[in-house]
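*Asks:* Would you mind keeping the following structure in view while I ask a few things?
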Amino acid sequence: MLNIYLVLMTTIHSAMLGATIISKEERDKMVEFLFVKPVSSYKVVSSKLLAALVNSIMLAIITGISSYYLVKYSEGEFIGTIILQAMMGMFILQLLFLVIGSALAAVCKNSKLAVSLSTGILLVAYIVSIAIDLNEKLAFMKYLTPFKYFEAKNIMFSEGFDIIFLLLSFVLIMLFSPVTYIL
């Protein structure tokens, strides 16, 4: 029941992290300093994204361990594998919003705009997921919102991940990642 709040919290963190870790160089005028150093922009961006990835991994691990120890038994039944799968789904969503945020930061040189856009996209995706829950006729829109890809209720009752959503997440991550490097 609380999984959506954990997912929402960690995806907001990842979207904002992705947007700020790239765009703050422009904001703080560090980009001029970095360009005179004998380090390629590819290496700078890679280092920043790696730091963001480590940050996201640590948040996912801490969230996963906390969730596991708080709710590993439900009515006497061990549900540790379900919790692990839910946390894996949450981590994939973290990666997705991290690369969306970093791609938006690369497109928009204004750091405030990049953060606003990335959290705005996240908010719209979340609202669409709520609308789908409220109205069955909107079920066809589940492919448009990542919050429907790895819902805890689906993981619990369908024995794992839907391969379509895994592939869609992978494709989106692979599409947004190069944008950060190219732009």
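Residues are named by chain letter and number: chains run A, B, ... in the order of the structure tokens, numbers start at 1 in each chain, and ligands are numbered from 1 in the order shown.
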Env of segment 47-61 of chain A: 8 Å cut, atoms = only C-alpha atoms, seq-sep filter 5 positions within chain, self excluded. Answer as an NGL selection string.

*Replies:* :A and (10 or 14 or 17-18 or 21-22 or 87 or 90-91 or 94-95 or 98)

*Asks:* Give me the residues within 8 Å of Ile173 of chain A as a ChimeraX atom specification, counting only C-alpha atoms and dropping any in the same chain fewer than 6 places off.

*Replies:* /A:95-96,99-100

*Asks:* Apply DSSP to the structure's backbone, then extract all residues of segment 5-183 of chain A labelled alpha helix (DSSP H) and return them as a PyMOL selection string.

*Replies:* chain A and resi 5-27+30-35+41-71+80-107+111-134+152-157+163-182

*Asks:* Pick out the closest residue to Phe176 of chain A from this set: A:Leu6, A:Gly101, A:Leu113, A:Tyr149. Count only C-alpha atoms.

*Replies:* A:Gly101

*Asks:* Tell me which protein, DNA and RNA residues are within 9 Å of Val179 of chain A, counting only C-alpha atoms, leaving out same-chain ones fewer than 2 positions away, and put them as a ChimeraX atom specification.

*Replies:* /A:99,102-104,106-107,175-177,181-183

*Asks:* What does the file look like for those residues with N, CA and C atoms, as a compact mmCIF listing (two decimals), in the first residue's frame?

*Replies:*
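As written to disk, again00.txt reads:
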```
# COMPACT_ATOMS: atom_id res chain seq x y z
N VAL A 99 17.37 9.71 -16.16
CA VAL A 99 17.80 10.04 -17.52
C VAL A 99 16.88 11.06 -18.17
N SER A 102 18.18 14.32 -16.70
CA SER A 102 19.48 14.73 -17.27
C SER A 102 19.33 15.13 -18.74
N ALA A 103 18.46 14.47 -19.48
CA ALA A 103 18.23 14.86 -20.88
C ALA A 103 17.59 16.24 -20.96
N LEU A 104 16.64 16.51 -20.08
CA LEU A 104 16.02 17.84 -20.06
C LEU A 104 17.03 18.91 -19.66
N ALA A 106 20.18 18.82 -20.33
CA ALA A 106 21.05 19.03 -21.48
C ALA A 106 20.36 19.88 -22.54
N VAL A 107 19.06 19.72 -22.67
CA VAL A 107 18.29 20.49 -23.64
C VAL A 107 18.11 21.93 -23.17
N LEU A 175 16.87 5.71 -25.06
CA LEU A 175 16.60 6.88 -25.90
C LEU A 175 17.02 8.18 -25.22
N PHE A 176 16.76 8.30 -23.93
CA PHE A 176 17.06 9.54 -23.22
C PHE A 176 18.54 9.66 -22.84
N SER A 177 19.21 8.55 -22.62
CA SER A 177 20.62 8.61 -22.20
C SER A 177 21.52 9.32 -23.20
N TYR A 181 24.38 13.20 -23.54
CA TYR A 181 25.75 13.27 -24.07
C TYR A 181 25.81 14.14 -25.33
N ILE A 182 24.83 14.00 -26.19
CA ILE A 182 24.87 14.72 -27.47
C ILE A 182 24.67 16.22 -27.27
N LEU A 183 23.71 16.56 -26.42
CA LEU A 183 23.41 17.99 -26.25
C LEU A 183 24.18 18.62 -25.11
```

*Asks:* Determine which residues of chain A DSSP labels as strand (DSSP E) from the backbone of this structure, then write them out as a PDB file with all heavy atoms, in the first residue's frame.

*Replies:*
```pdb
ATOM      1  N   TYR A  73       6.985 -10.077   6.614  1.00  0.00           N
ATOM      2  CA  TYR A  73       5.974 -11.100   6.866  1.00  0.00           C
ATOM      3  C   TYR A  73       4.597 -10.459   6.817  1.00  0.00           C
ATOM      4  O   TYR A  73       4.352  -9.436   7.433  1.00  0.00           O
ATOM      5  CB  TYR A  73       6.181 -11.759   8.234  1.00  0.00           C
ATOM      6  CG  TYR A  73       7.428 -12.580   8.284  1.00  0.00           C
ATOM      7  CD1 TYR A  73       8.602 -12.074   8.833  1.00  0.00           C
ATOM      8  CD2 TYR A  73       7.449 -13.854   7.747  1.00  0.00           C
ATOM      9  CE1 TYR A  73       9.753 -12.827   8.858  1.00  0.00           C
ATOM     10  CE2 TYR A  73       8.605 -14.614   7.767  1.00  0.00           C
ATOM     11  CZ  TYR A  73       9.746 -14.098   8.330  1.00  0.00           C
ATOM     12  OH  TYR A  73      10.892 -14.839   8.348  1.00  0.00           O
ATOM     13  N   SER A  74       3.741 -11.050   6.054  1.00  0.00           N
ATOM     14  CA  SER A  74       2.366 -10.578   5.961  1.00  0.00           C
ATOM     15  C   SER A  74       1.457 -11.737   6.327  1.00  0.00           C
ATOM     16  O   SER A  74       1.372 -12.722   5.592  1.00  0.00           O
ATOM     17  CB  SER A  74       2.080 -10.099   4.537  1.00  0.00           C
ATOM     18  OG  SER A  74       0.741  -9.765   4.388  1.00  0.00           O
ATOM     19  N   GLU A  77       2.968 -15.119   6.183  1.00  0.00           N
ATOM     20  CA  GLU A  77       3.517 -15.535   4.895  1.00  0.00           C
ATOM     21  C   GLU A  77       4.731 -14.673   4.556  1.00  0.00           C
ATOM     22  O   GLU A  77       4.699 -13.452   4.662  1.00  0.00           O
ATOM     23  CB  GLU A  77       2.446 -15.370   3.818  1.00  0.00           C
ATOM     24  CG  GLU A  77       2.897 -15.780   2.442  1.00  0.00           C
ATOM     25  CD  GLU A  77       1.813 -15.513   1.394  1.00  0.00           C
ATOM     26  OE1 GLU A  77       0.658 -15.288   1.767  1.00  0.00           O
ATOM     27  OE2 GLU A  77       2.157 -15.538   0.213  1.00  0.00           O
ATOM     28  N   PHE A  78       5.809 -15.302   4.126  1.00  0.00           N
ATOM     29  CA  PHE A  78       7.026 -14.580   3.753  1.00  0.00           C
ATOM     30  C   PHE A  78       6.808 -13.898   2.403  1.00  0.00           C
ATOM     31  O   PHE A  78       6.450 -14.548   1.423  1.00  0.00           O
ATOM     32  CB  PHE A  78       8.203 -15.549   3.670  1.00  0.00           C
ATOM     33  CG  PHE A  78       9.489 -14.882   3.288  1.00  0.00           C
ATOM     34  CD1 PHE A  78      10.163 -14.096   4.199  1.00  0.00           C
ATOM     35  CD2 PHE A  78      10.009 -15.028   2.016  1.00  0.00           C
ATOM     36  CE1 PHE A  78      11.357 -13.469   3.854  1.00  0.00           C
ATOM     37  CE2 PHE A  78      11.196 -14.412   1.663  1.00  0.00           C
ATOM     38  CZ  PHE A  78      11.863 -13.639   2.589  1.00  0.00           C
TER      39      PHE A  78
END
```

*Asks:* Report the distance between atom CA of Leu70 of chain A and atom CA of Phe147 of chain A in Å, rounded to one decimal place.

*Replies:* 23.1 Å

*Asks:* Please report the interatomic distance between atom CA of Pro178 of chain A and atom CA of Leu117 of chain A in Å with one decimal.

*Replies:*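 Atom-to-atom, atom CA of Pro178 of chain A and atom CA of Leu117 of chain A are spaced 18.5 Å apart.
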
*Asks:* Excluding Leu2 of chain A and any residue of its chain fewer than 4 positions from it, enumerate the residues within 10 Å of it, using only C-alpha atoms, and give them as a ChimeraX atom specification.

*Replies:* /A:6-7,67,152

*Asks:* Go ahead and write the residues just picked, N, CA and C atoms, as a PDB file, in the first residue's frame.

*Replies:*
```pdb
ATOM      1  N   LEU A   6       6.734   5.470  -1.728  1.00  0.00           N
ATOM      2  CA  LEU A   6       8.177   5.277  -1.860  1.00  0.00           C
ATOM      3  C   LEU A   6       8.626   5.523  -3.295  1.00  0.00           C
ATOM      4  N   VAL A   7       7.863   4.998  -4.234  1.00  0.00           N
ATOM      5  CA  VAL A   7       8.183   5.178  -5.649  1.00  0.00           C
ATOM      6  C   VAL A   7       8.113   6.654  -6.023  1.00  0.00           C
ATOM      7  N   SER A  67      12.173  -1.391   3.807  1.00  0.00           N
ATOM      8  CA  SER A  67      10.891  -2.011   3.465  1.00  0.00           C
ATOM      9  C   SER A  67      10.891  -3.485   3.812  1.00  0.00           C
ATOM     10  N   ALA A 152       3.023  -2.330  -7.411  1.00  0.00           N
ATOM     11  CA  ALA A 152       3.183  -3.403  -6.431  1.00  0.00           C
ATOM     12  C   ALA A 152       2.045  -4.421  -6.523  1.00  0.00           C
TER      13      ALA A 152
END
```

*Asks:* Name the closest residue to Asn154 of chain A among the candidates A:Thr180, A:Ser116, A:Ser46, A:Gln85; distances are taken between atoms, counting only C-alpha atoms.

*Replies:* A:Gln85

*Asks:* Could you pull the residues within 10 Å of Ile83 of chain A, counting only C-alpha atoms, minus those fewer than 6 positions along the same chain, as a list in words?

*Replies:*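 Result of the neighbour search: Asn3, Gly64, Ile65, Ser67, Tyr68, Tyr69, Val71, Lys72, Gly89, Ala152, Ile155 and Met156 of chain A.
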